[in-house]
>>> print(open('data_16.csv').read())   # CSV, C-alpha atoms and all ligand atoms
chain,number,residue,atom,x,y,z
A,1,MET,CA,-19.5,-11.2,9.3
A,2,ASP,CA,-19.6,-7.5,9.6
A,3,ILE,CA,-16.1,-5.9,9.7
A,4,GLU,CA,-16.6,-4.1,13.0
A,5,LYS,CA,-17.8,-7.3,14.7
A,6,PHE,CA,-14.8,-9.2,13.2
A,7,GLN,CA,-12.4,-6.5,14.5
A,8,GLN,CA,-14.0,-6.6,18.0
A,9,ILE,CA,-14.0,-10.4,18.3
A,10,HIS,CA,-10.9,-11.5,16.5
A,11,LEU,CA,-8.4,-8.6,16.5
A,12,GLN,CA,-6.4,-6.9,19.2
A,13,ILE,CA,-7.1,-3.3,18.1
A,14,PRO,CA,-5.8,-0.9,19.4
A,15,SER,CA,-2.6,-2.8,19.4
A,16,PRO,CA,-0.5,-2.4,22.5
A,17,LEU,CA,2.3,0.1,22.8
A,18,HIS,CA,5.3,-1.2,24.8
A,19,GLU,CA,8.3,0.8,26.0
A,20,ILE,CA,11.7,-1.0,25.6
A,21,HIS,CA,14.8,-0.2,27.6
A,22,ASP,CA,18.5,-0.2,26.8
A,23,SER,CA,21.5,1.9,27.9
A,24,LEU,CA,22.1,2.7,24.2
A,25,TRP,CA,19.2,5.2,24.3
A,26,SER,CA,18.6,5.8,28.0
A,27,GLU,CA,22.1,7.4,28.1
A,28,GLN,CA,21.0,9.7,25.4
A,29,ASN,CA,17.8,10.6,27.3
A,30,ILE,CA,15.7,9.0,24.5
A,31,ARG,CA,12.6,6.8,25.0
A,32,ILE,CA,11.6,4.1,22.6
A,33,PHE,CA,8.2,2.5,22.3
A,34,ILE,CA,7.1,-0.3,20.0
A,35,LYS,CA,3.7,-0.2,18.5
A,36,ARG,CA,2.9,-3.9,18.6
A,37,ASP,CA,0.9,-4.4,15.4
A,38,ASP,CA,2.4,-7.9,15.4
A,39,LEU,CA,-0.1,-8.7,18.1
A,40,ILE,CA,-3.2,-7.7,16.2
A,41,HIS,CA,-3.8,-11.3,15.1
A,42,PRO,CA,-1.7,-14.5,14.6
A,43,ILE,CA,-2.4,-14.6,10.9
A,44,ILE,CA,-3.5,-11.1,9.8
A,45,SER,CA,-0.4,-9.9,11.6
A,46,GLY,CA,1.2,-6.5,11.5
A,47,ASN,CA,0.4,-4.1,8.7
A,48,LYS,CA,-1.7,-6.7,6.8
A,49,TRP,CA,-4.9,-5.8,8.6
A,50,ARG,CA,-4.2,-2.1,8.2
A,51,LYS,CA,-3.6,-2.5,4.5
A,52,LEU,CA,-6.5,-4.8,3.8
A,53,ASN,CA,-9.3,-3.3,5.9
A,54,GLU,CA,-10.5,-0.7,3.5
A,55,TYR,CA,-10.6,-3.3,0.7
A,56,ILE,CA,-12.6,-5.5,2.9
A,57,ARG,CA,-15.1,-2.8,3.6
A,58,LEU,CA,-15.5,-2.2,-0.1
A,59,ALA,CA,-15.9,-6.0,-0.8
A,60,GLN,CA,-18.7,-6.1,1.9
A,61,GLN,CA,-20.6,-3.4,0.0
A,62,THR,CA,-20.3,-5.3,-3.3
A,63,PRO,CA,-20.8,-9.0,-2.4
A,64,ASP,CA,-20.8,-10.2,-6.0
A,65,TYR,CA,-17.2,-9.2,-6.3
A,66,SER,CA,-14.1,-11.2,-5.3
A,67,LEU,CA,-11.0,-9.6,-3.8
A,68,LEU,CA,-8.1,-10.4,-6.2
A,69,SER,CA,-4.4,-9.9,-5.5
A,70,PHE,CA,-0.9,-11.0,-6.5
A,71,GLY,CA,2.0,-12.5,-4.6
A,72,GLY,CA,4.7,-15.1,-4.4
A,73,ALA,CA,4.2,-18.6,-3.1
A,74,PHE,CA,5.0,-17.6,0.5
A,75,SER,CA,3.3,-14.2,0.4
A,76,ASN,CA,2.1,-13.1,3.9
A,77,HIS,CA,-0.2,-10.6,2.1
A,78,LEU,CA,-2.1,-13.3,0.2
A,79,TYR,CA,-2.1,-15.7,3.1
A,80,SER,CA,-3.8,-13.0,5.3
A,81,LEU,CA,-6.2,-12.2,2.5
A,82,ALA,CA,-7.2,-15.8,2.1
A,83,TYR,CA,-7.8,-16.1,5.8
A,84,VAL,CA,-9.8,-13.0,6.1
A,85,GLY,CA,-11.9,-14.0,3.1
A,86,TYR,CA,-12.6,-17.4,4.7
A,87,VAL,CA,-13.6,-15.9,8.1
A,88,MET,CA,-15.7,-13.1,6.7
A,89,GLY,CA,-17.3,-14.9,3.8
A,90,ILE,CA,-15.6,-12.9,1.0
A,91,LYS,CA,-14.5,-14.6,-2.2
A,92,THR,CA,-10.8,-14.2,-2.8
A,93,ILE,CA,-8.5,-14.9,-5.8
A,94,GLY,CA,-4.8,-15.2,-5.5
A,95,ILE,CA,-2.5,-14.9,-8.6
A,96,ILE,CA,0.8,-16.6,-7.7
A,97,ARG,CA,4.1,-16.0,-9.4
A,98,GLY,CA,5.4,-19.3,-10.9
A,99,GLU,CA,3.5,-21.4,-13.4
A,100,GLU,CA,5.5,-24.5,-12.2
A,101,LEU,CA,3.7,-24.3,-8.9
A,102,ASN,CA,0.3,-25.8,-7.8
A,103,ILE,CA,-2.0,-25.8,-4.8
A,104,GLN,CA,0.1,-28.6,-3.2
A,105,SER,CA,3.5,-26.8,-3.6
A,106,ASN,CA,3.9,-25.6,0.0
A,107,PRO,CA,1.9,-25.7,3.3
A,108,TYR,CA,0.8,-22.1,2.8
A,109,LEU,CA,-0.7,-22.7,-0.6
A,110,ILE,CA,-2.4,-25.9,0.7
A,111,GLN,CA,-3.9,-23.8,3.5
A,112,MET,CA,-4.9,-20.9,1.3
A,113,ASN,CA,-6.7,-23.3,-1.0
A,114,GLN,CA,-8.5,-24.9,2.0
A,115,TRP,CA,-9.6,-21.5,3.0
A,116,GLY,CA,-11.3,-21.2,-0.4
A,117,MET,CA,-8.9,-18.8,-2.2
A,118,ASN,CA,-9.2,-19.4,-5.9
A,119,LEU,CA,-5.5,-19.8,-6.8
A,120,HIS,CA,-3.9,-19.3,-10.2
A,121,PHE,CA,-0.3,-19.8,-11.1
A,122,ILE,CA,1.2,-17.7,-13.9
A,123,SER,CA,4.7,-17.3,-15.4
A,124,ARG,CA,7.1,-14.8,-14.1
A,125,ASP,CA,6.8,-12.8,-17.2
A,126,ALA,CA,3.0,-12.7,-17.0
A,127,TYR,CA,3.4,-11.8,-13.3
A,128,ARG,CA,5.7,-8.9,-14.0
A,129,LYS,CA,3.0,-7.6,-16.3
A,130,LYS,CA,0.3,-8.3,-13.7
A,131,GLU,CA,-1.7,-10.2,-16.2
A,132,ILE,CA,-5.1,-11.5,-15.2
A,133,PRO,CA,-5.5,-15.2,-16.2
A,134,THR,CA,-8.0,-15.6,-19.0
A,135,GLN,CA,-9.6,-18.6,-17.1
A,136,LEU,CA,-11.1,-16.0,-14.7
A,137,GLY,CA,-13.5,-15.2,-17.6
A,138,GLU,CA,-16.3,-12.9,-16.4
A,139,ILE,CA,-15.6,-13.1,-12.7
A,140,ARG,CA,-16.0,-9.6,-11.2
A,141,PHE,CA,-13.3,-8.6,-8.8
A,142,ILE,CA,-11.8,-5.7,-6.8
A,143,LEU,CA,-8.1,-5.5,-7.5
A,144,ILE,CA,-5.7,-5.2,-4.6
A,145,PRO,CA,-2.3,-4.3,-6.0
A,146,GLU,CA,0.6,-6.5,-4.9
A,147,GLY,CA,1.5,-6.2,-1.2
A,148,GLY,CA,-1.7,-4.3,-0.4
A,149,TYR,CA,-0.6,-1.1,-2.1
A,150,GLY,CA,-3.0,1.5,-3.5
A,151,LYS,CA,-5.3,4.3,-2.4
A,152,LEU,CA,-7.3,2.1,-0.1
A,153,GLY,CA,-4.2,0.5,1.4
A,154,LEU,CA,-2.9,4.0,2.2
A,155,LYS,CA,-6.2,5.0,3.7
A,156,GLY,CA,-6.1,2.0,6.0
A,157,MET,CA,-3.3,3.6,8.0
A,158,LYS,CA,-5.6,6.3,9.3
A,159,ASP,CA,-6.7,4.2,12.3
A,160,LEU,CA,-3.1,3.3,13.1
A,161,SER,CA,-2.1,6.9,13.1
A,162,SER,CA,-5.1,7.8,15.4
A,163,GLU,CA,-4.2,5.0,17.8
A,164,ILE,CA,-0.6,6.2,18.1
A,165,MET,CA,-1.6,9.8,18.6
A,166,GLN,CA,-4.2,8.9,21.3
A,167,GLU,CA,-1.5,7.3,23.4
A,168,ILE,CA,1.6,9.3,22.8
A,169,LYS,CA,2.9,12.2,20.7
A,170,PRO,CA,6.3,10.9,19.5
A,171,ASP,CA,9.0,13.0,17.9
A,172,TYR,CA,9.8,10.2,15.5
A,173,LEU,CA,8.2,7.1,14.0
A,174,ILE,CA,10.3,4.5,12.3
A,175,THR,CA,9.0,1.8,10.0
A,176,ALA,CA,10.3,-0.7,7.4
A,177,LEU,CA,9.2,-0.1,3.8
A,178,GLY,CA,8.3,-2.7,1.1
A,179,THR,CA,5.7,-1.1,-1.2
A,180,GLY,CA,5.8,2.0,1.1
A,181,THR,CA,2.0,1.8,1.8
A,182,THR,CA,2.5,1.8,5.5
A,183,ALA,CA,4.9,4.7,5.7
A,184,LEU,CA,3.2,6.8,3.1
A,185,GLY,CA,-0.3,6.1,4.6
A,186,LEU,CA,1.0,7.2,7.9
A,187,ILE,CA,2.6,10.5,6.8
A,188,GLN,CA,-0.7,11.2,4.9
A,189,SER,CA,-2.6,11.2,8.2
A,190,TYR,CA,-0.2,12.7,10.8
A,191,ASN,CA,2.5,15.2,11.2
A,192,ILE,CA,5.4,13.3,12.7
A,193,LYS,CA,8.9,13.0,11.4
A,194,THR,CA,9.0,9.5,9.9
A,195,ILE,CA,12.0,7.4,9.3
A,196,GLY,CA,11.6,4.9,6.5
A,197,ILE,CA,14.0,1.9,6.3
A,198,LEU,CA,14.0,0.5,2.8
A,199,THR,CA,14.3,-3.3,2.6
A,200,LEU,CA,14.7,-3.4,-1.1
A,201,LYS,CA,16.2,-1.2,-3.8
A,202,ASN,CA,13.0,0.6,-4.8
A,203,LYS,CA,13.5,4.2,-3.7
A,204,LYS,CA,12.5,5.4,-7.2
A,205,GLU,CA,9.2,3.4,-6.9
A,206,ILE,CA,8.5,5.0,-3.5
A,207,GLU,CA,9.1,8.4,-4.9
A,208,GLU,CA,6.7,7.6,-7.8
A,209,HIS,CA,4.1,6.6,-5.3
A,210,ILE,CA,4.5,9.9,-3.5
A,211,ILE,CA,3.9,11.7,-6.7
A,212,GLU,CA,1.0,9.4,-7.8
A,213,HIS,CA,-0.9,10.1,-4.6
A,214,ALA,CA,0.2,13.8,-4.2
A,215,ILE,CA,1.6,13.0,-0.7
A,216,ASN,CA,3.4,15.8,1.2
A,217,ALA,CA,6.5,13.8,2.1
A,218,GLU,CA,8.6,16.6,3.8
A,219,ASN,CA,8.4,14.6,7.1
A,220,LEU,CA,9.7,11.4,5.5
A,221,ASP,CA,13.4,10.5,5.8
A,222,LEU,CA,14.2,7.5,3.7
A,223,HIS,CA,17.2,5.3,4.4
A,224,THR,CA,18.6,3.0,1.8
A,225,VAL,CA,21.7,1.7,3.5
A,226,TYR,CA,20.0,-1.0,5.4
A,227,VAL,CA,18.9,-2.9,2.3
A,228,PHE,CA,22.5,-4.3,2.5
A,229,ASP,CA,22.4,-6.6,-0.4
A,230,LYS,CA,19.1,-7.5,-1.7
A,231,TYR,CA,15.5,-8.0,-0.6
A,232,ALA,CA,14.6,-11.2,1.3
A,233,LYS,CA,18.3,-12.1,1.4
A,234,SER,CA,19.2,-13.4,4.8
A,235,HIS,CA,22.5,-12.4,6.4
A,236,ASP,CA,24.1,-14.0,9.4
A,237,PHE,CA,24.6,-10.7,11.1
A,238,LEU,CA,20.9,-9.8,10.8
A,239,ASP,CA,19.9,-13.2,12.1
A,240,THR,CA,22.2,-12.7,15.0
A,241,PHE,CA,20.9,-9.2,15.6
A,242,CYS,CA,17.3,-10.5,15.6
A,243,ALA,CA,18.1,-13.3,18.1
A,244,LEU,CA,19.9,-10.8,20.4
A,245,PHE,CA,17.0,-8.4,20.2
A,246,GLU,CA,14.6,-11.1,21.2
A,247,THR,CA,16.8,-12.1,24.1
A,248,SER,CA,17.0,-8.5,25.3
A,249,HIS,CA,13.4,-7.5,24.8
A,250,GLN,CA,11.3,-10.7,24.6
A,251,ILE,CA,9.9,-9.5,21.3
A,252,LYS,CA,10.3,-11.6,18.1
A,253,ILE,CA,11.5,-9.8,15.0
A,254,GLU,CA,12.5,-11.2,11.6
A,255,PRO,CA,15.5,-10.3,9.4
A,256,ILE,CA,13.6,-9.1,6.3
A,257,TYR,CA,11.6,-6.1,7.5
A,258,THR,CA,11.5,-5.5,11.3
A,259,GLY,CA,15.1,-6.8,11.7
A,260,ARG,CA,16.4,-4.4,9.2
A,261,MET,CA,14.3,-1.6,10.7
A,262,PHE,CA,15.6,-2.2,14.3
A,263,TYR,CA,19.1,-2.7,13.0
A,264,GLY,CA,18.7,0.7,11.3
A,265,LEU,CA,17.3,2.3,14.5
A,266,TYR,CA,20.2,1.0,16.6
A,267,ASP,CA,22.7,2.3,14.0
A,268,LEU,CA,21.1,5.7,13.9
A,269,LEU,CA,21.1,5.8,17.7
A,270,LYS,CA,24.9,5.0,17.7
A,271,LYS,CA,25.4,7.8,15.2
A,272,LYS,CA,23.5,10.2,17.5
A,273,TYR,CA,20.9,10.9,14.8
A,274,PHE,CA,18.2,11.8,17.4
A,275,GLU,CA,18.2,14.8,19.7
A,276,SER,CA,18.4,14.2,23.4
A,277,GLY,CA,14.9,14.1,25.0
A,278,SER,CA,13.3,12.5,21.9
A,279,THR,CA,10.5,9.9,22.0
A,280,ILE,CA,10.5,7.4,19.2
A,281,VAL,CA,7.8,4.9,18.2
A,282,ALA,CA,9.1,1.9,16.2
A,283,LEU,CA,6.3,0.2,14.3
A,284,HIS,CA,6.4,-3.6,14.6
A,285,THR,CA,4.8,-4.5,11.3
A,286,GLY,CA,4.6,-8.2,12.0
A,287,GLY,CA,6.0,-10.7,9.4
A,288,ILE,CA,6.3,-13.6,11.7
A,289,LYS,CA,3.9,-16.4,10.6
A,290,LEU,CA,2.8,-17.7,13.9
A,291,THR,CA,1.3,-20.7,12.2
A,292,ASP,CA,4.8,-21.8,11.1
A,293,GLY,CA,5.1,-24.4,13.9
A,294,ALA,CA,1.8,-26.0,12.8
A,295,PHE,CA,3.2,-27.1,9.5
B,1,LIG,C1,6.4,-7.5,8.2
B,1,LIG,C2,6.4,-6.5,7.1
B,1,LIG,N1,6.8,-5.3,7.5
B,1,LIG,C3,6.9,-4.3,6.6
B,1,LIG,C4,6.4,-4.5,5.3
B,1,LIG,C5,6.4,-3.3,4.3
B,1,LIG,O1,5.2,-2.7,4.3
B,1,LIG,P1,4.8,-1.8,3.1
B,1,LIG,O2,4.6,-2.7,1.9
B,1,LIG,O3,3.5,-1.2,3.5
B,1,LIG,O4,5.9,-0.8,2.8
B,1,LIG,C6,5.9,-5.7,4.9
B,1,LIG,C7,5.3,-5.9,3.6
B,1,LIG,O5,4.2,-6.1,3.4
B,1,LIG,C8,5.9,-6.8,5.9
B,1,LIG,O6,5.4,-8.0,5.6
>>> encode(input="data_16.csv", output="structure tokens")
Amino acid sequence: MDIEKFQQIHLQIPSPLHEIHDSLWSEQNIRIFIKRDDLIHPIISGNKWRKLNEYIRLAQQTPDYSLLSFGGAFSNHLYSLAYVGYVMGIKTIGIIRGEELNIQSNPYLIQMNQWGMNLHFISRDAYRKKEIPTQLGEIRFILIPEGGYGKLGLKGMKDLSSEIMQEIKPDYLITALGTGTTALGLIQSYNIKTIGILTLKNKKEIEEHIIEHAINAENLDLHTVYVFDKYAKSHDFLDTFCALFETSHQIKIEPIYTGRMFYGLYDLLKKKYFESGSTIVALHTGGIKLTDGAF
């Protein structure tokens, strides 16, 4: 299926922009909008479509090639890739961290296998080195770096940036960082002060990405204090914060990325980081597997 047709039929693009209200910011004369990329699609949720779409375009021009990427056994990125490959008729290969695993190890892997992703399980050491399994032999592939990073991943943020700018001219945008693709892709394509909430201790890696792609990052303000302990580590206070946020705004967030991002935003608001009169867009990058209930 052609990518434009797929986007038209299956995806909610442009994603909606919702204003949220609370005395914490209304008393400071600040407005907050959430860019609901979590509503783009139940599976290719959040920034997954944004990061993958340029790779998909490339794969459609080179039908003999598979899209190959890396991830853990619960990777949202690989799950989305497997689905999109299935629906659009693109061959996909997933290299999974953990040689002890197999296609039956969890419901996501079972599903990815059913969608036709060619799954390979490699040791943690081989994964660190991003080794391509020799069994793949002569298969031709386009490599998508882990988490959808890379030049094409960054380029995929262009449409997101135009969507935001067509609706609103915010003073600030705030987003969570993993690989940094979303935040760096955005600052490449617009001129808005962008607050990046790190979710893992990888500031050095983000700075290397900035140099690698010669990105002008003067508008980027990175915050490392909301990592708290360690990536993917759950904390009771973050779980509680996410639950309260959902009760107040009827919007689901999760503790790893969007929970940390909104926690950071609330904290910055409490510290009077933003000038009175500011408009802020918080990017909801998804992360909630809406298929969870089905398993
Ligand atoms: C829900 C969610 N938000 C944010 C991120 C971080 O995005 P990036 O890797 O582009 O920095 C991820 C990771 O892919 C994610 O799954």
>>> residues_around(input="data_16.csv", residues="Arg31 (chain A)", least_positions_apart="2", cutoff="8 Å", atoms="all atoms listed in the file", output="list in words")
Glu19, Ile20, His21, Trp25, Ser26, Asn29, Phe33, Gly277, Ser278, Thr279 and Ile280 of chain A
>>> atom_distance(input="data_16.csv", atom1="CA of Glu207 (chain A)", atom2="CA of Leu220 (chain A)")
10.8 Å
>>> residues_near_ligand(input="data_16.csv", ligand="ligand LIG 1 (chain B)", cutoff="7 Å", atoms="only C-alpha atoms and all ligand atoms", output="PyMOL selection string")
chain A and resi 46-48+76-77+147-149+176-183+257-258+285-287
>>> closest_residue(input="data_16.csv", among="A:Ile288, A:Leu52, A:Ile253, A:Ile197", to="Ala82 (chain A)", atoms="only C-alpha atoms")
A:Leu52
>>> residues_around(input="data_16.csv", residues="Leu198 (chain A)", least_positions_apart="5", cutoff="12 Å", atoms="only C-alpha atoms", output="PDB file with C-alpha atoms, keeping the file's coordinate frame")
ATOM      1  CA  ILE A 174      10.300   4.500  12.300  1.00  0.00           C
ATOM      2  CA  THR A 175       9.000   1.800  10.000  1.00  0.00           C
ATOM      3  CA  ALA A 176      10.300  -0.700   7.400  1.00  0.00           C
ATOM      4  CA  LEU A 177       9.200  -0.100   3.800  1.00  0.00           C
ATOM      5  CA  GLY A 178       8.300  -2.700   1.100  1.00  0.00           C
ATOM      6  CA  THR A 179       5.700  -1.100  -1.200  1.00  0.00           C
ATOM      7  CA  GLY A 180       5.800   2.000   1.100  1.00  0.00           C
ATOM      8  CA  THR A 182       2.500   1.800   5.500  1.00  0.00           C
ATOM      9  CA  ALA A 183       4.900   4.700   5.700  1.00  0.00           C
ATOM     10  CA  LYS A 203      13.500   4.200  -3.700  1.00  0.00           C
ATOM     11  CA  LYS A 204      12.500   5.400  -7.200  1.00  0.00           C
ATOM     12  CA  GLU A 205       9.200   3.400  -6.900  1.00  0.00           C
ATOM     13  CA  ILE A 206       8.500   5.000  -3.500  1.00  0.00           C
ATOM     14  CA  ASP A 221      13.400  10.500   5.800  1.00  0.00           C
ATOM     15  CA  LEU A 222      14.200   7.500   3.700  1.00  0.00           C
ATOM     16  CA  HIS A 223      17.200   5.300   4.400  1.00  0.00           C
ATOM     17  CA  THR A 224      18.600   3.000   1.800  1.00  0.00           C
ATOM     18  CA  VAL A 225      21.700   1.700   3.500  1.00  0.00           C
ATOM     19  CA  TYR A 226      20.000  -1.000   5.400  1.00  0.00           C
ATOM     20  CA  VAL A 227      18.900  -2.900   2.300  1.00  0.00           C
ATOM     21  CA  PHE A 228      22.500  -4.300   2.500  1.00  0.00           C
ATOM     22  CA  ASP A 229      22.400  -6.600  -0.400  1.00  0.00           C
ATOM     23  CA  LYS A 230      19.100  -7.500  -1.700  1.00  0.00           C
ATOM     24  CA  TYR A 231      15.500  -8.000  -0.600  1.00  0.00           C
ATOM     25  CA  ALA A 232      14.600 -11.200   1.300  1.00  0.00           C
ATOM     26  CA  ILE A 256      13.600  -9.100   6.300  1.00  0.00           C
ATOM     27  CA  TYR A 257      11.600  -6.100   7.500  1.00  0.00           C
ATOM     28  CA  THR A 258      11.500  -5.500  11.300  1.00  0.00           C
ATOM     29  CA  GLY A 259      15.100  -6.800  11.700  1.00  0.00           C
ATOM     30  CA  ARG A 260      16.400  -4.400   9.200  1.00  0.00           C
ATOM     31  CA  MET A 261      14.300  -1.600  10.700  1.00  0.00           C
ATOM     32  CA  PHE A 262      15.600  -2.200  14.300  1.00  0.00           C
ATOM     33  CA  TYR A 263      19.100  -2.700  13.000  1.00  0.00           C
ATOM     34  CA  GLY A 264      18.700   0.700  11.300  1.00  0.00           C
TER      35      GLY A 264
END
>>> atom_distance(input="data_16.csv", atom1="CA of Pro170 (chain A)", atom2="CA of Val281 (chain A)")
6.3 Å
>>> residues_around(input="data_16.csv", residues="region 212-214 of chain A", least_positions_apart="6", cutoff="10 Å", atoms="only C-alpha atoms", output="list in words")
Gly150, Lys151, Leu154, Leu184, Gln188 and Ile206 of chain A
>>> residues_around(input="data_16.csv", residues="region 126-140 of chain A", least_positions_apart="2", cutoff="12 Å", atoms="all atoms listed in the file", output="ChimeraX atom specification")
/A:59,62-72,91-99,118-124,142-146
>>> write_last_selection(input="data_16.csv", atoms="C-alpha atoms", output="compact mmCIF listing (two decimals), in the frame of the given file")
# COMPACT_ATOMS: atom_id res chain seq x y z
CA ALA A 59 -15.90 -6.00 -0.80
CA THR A 62 -20.30 -5.30 -3.30
CA PRO A 63 -20.80 -9.00 -2.40
CA ASP A 64 -20.80 -10.20 -6.00
CA TYR A 65 -17.20 -9.20 -6.30
CA SER A 66 -14.10 -11.20 -5.30
CA LEU A 67 -11.00 -9.60 -3.80
CA LEU A 68 -8.10 -10.40 -6.20
CA SER A 69 -4.40 -9.90 -5.50
CA PHE A 70 -0.90 -11.00 -6.50
CA GLY A 71 2.00 -12.50 -4.60
CA GLY A 72 4.70 -15.10 -4.40
CA LYS A 91 -14.50 -14.60 -2.20
CA THR A 92 -10.80 -14.20 -2.80
CA ILE A 93 -8.50 -14.90 -5.80
CA GLY A 94 -4.80 -15.20 -5.50
CA ILE A 95 -2.50 -14.90 -8.60
CA ILE A 96 0.80 -16.60 -7.70
CA ARG A 97 4.10 -16.00 -9.40
CA GLY A 98 5.40 -19.30 -10.90
CA GLU A 99 3.50 -21.40 -13.40
CA ASN A 118 -9.20 -19.40 -5.90
CA LEU A 119 -5.50 -19.80 -6.80
CA HIS A 120 -3.90 -19.30 -10.20
CA PHE A 121 -0.30 -19.80 -11.10
CA ILE A 122 1.20 -17.70 -13.90
CA SER A 123 4.70 -17.30 -15.40
CA ARG A 124 7.10 -14.80 -14.10
CA ILE A 142 -11.80 -5.70 -6.80
CA LEU A 143 -8.10 -5.50 -7.50
CA ILE A 144 -5.70 -5.20 -4.60
CA PRO A 145 -2.30 -4.30 -6.00
CA GLU A 146 0.60 -6.50 -4.90
>>> closest_residue(input="data_16.csv", among="A:Tyr273, A:Tyr108, A:Phe6, A:Tyr172", to="Ile56 (chain A)", atoms="only C-alpha atoms")
A:Phe6
>>> atom_distance(input="data_16.csv", atom1="CA of Ile43 (chain A)", atom2="CA of Ile3 (chain A)")
16.3 Å
>>> closest_residue(input="data_16.csv", among="A:Thr194, A:Gln12, A:Ile187, A:Ser248", to="Ile210 (chain A)", atoms="all atoms listed in the file")
A:Ile187
>>> residues_around(input="data_16.csv", residues="Leu24 (chain A)", least_positions_apart="5", cutoff="10 Å", atoms="only C-alpha atoms", output="PyMOL selection string")
chain A and resi 29-30+266+269-270
>>> decode(input="data_16.csv", residues="region 66-71 of chain A", atoms="all heavy atoms", output="CSV table (one decimal), in the first residue's frame")
chain,number,residue,atom,x,y,z
A,66,SER,N,14.7,-5.4,2.9
A,66,SER,CA,13.9,-5.4,4.1
A,66,SER,C,14.3,-4.2,5.0
A,66,SER,O,15.4,-3.7,4.8
A,66,SER,CB,14.3,-6.7,4.9
A,66,SER,OG,14.0,-7.8,4.1
A,67,LEU,N,13.4,-3.9,5.9
A,67,LEU,CA,13.8,-2.9,6.9
A,67,LEU,C,14.3,-3.7,8.1
A,67,LEU,O,13.5,-4.5,8.6
A,67,LEU,CB,12.6,-2.0,7.3
A,67,LEU,CG,12.2,-0.9,6.3
A,67,LEU,CD1,10.9,-0.2,6.7
A,67,LEU,CD2,13.3,0.1,6.1
A,68,LEU,N,15.5,-3.4,8.6
A,68,LEU,CA,16.0,-4.1,9.7
A,68,LEU,C,16.3,-3.2,10.9
A,68,LEU,O,16.8,-2.1,10.7
A,68,LEU,CB,17.3,-4.8,9.3
A,68,LEU,CG,18.2,-5.5,10.4
A,68,LEU,CD1,18.9,-6.7,9.7
A,68,LEU,CD2,19.1,-4.6,11.1
A,69,SER,N,15.9,-3.6,12.1
A,69,SER,CA,16.2,-2.8,13.2
A,69,SER,C,16.4,-3.6,14.5
A,69,SER,O,16.2,-4.9,14.4
A,69,SER,CB,15.1,-1.7,13.5
A,69,SER,OG,15.6,-0.7,14.3
A,70,PHE,N,16.8,-3.0,15.5
A,70,PHE,CA,17.2,-3.6,16.8
A,70,PHE,C,16.3,-3.2,17.9
A,70,PHE,O,15.7,-2.1,17.9
A,70,PHE,CB,18.6,-3.2,17.2
A,70,PHE,CG,19.7,-3.7,16.3
A,70,PHE,CD1,20.0,-2.9,15.2
A,70,PHE,CD2,20.4,-4.8,16.6
A,70,PHE,CE1,21.0,-3.4,14.3
A,70,PHE,CE2,21.4,-5.3,15.7
A,70,PHE,CZ,21.7,-4.5,14.6
A,71,GLY,N,16.1,-4.1,18.9
A,71,GLY,CA,15.3,-3.7,20.1
A,71,GLY,C,15.3,-4.8,21.1
A,71,GLY,O,15.7,-5.9,20.9
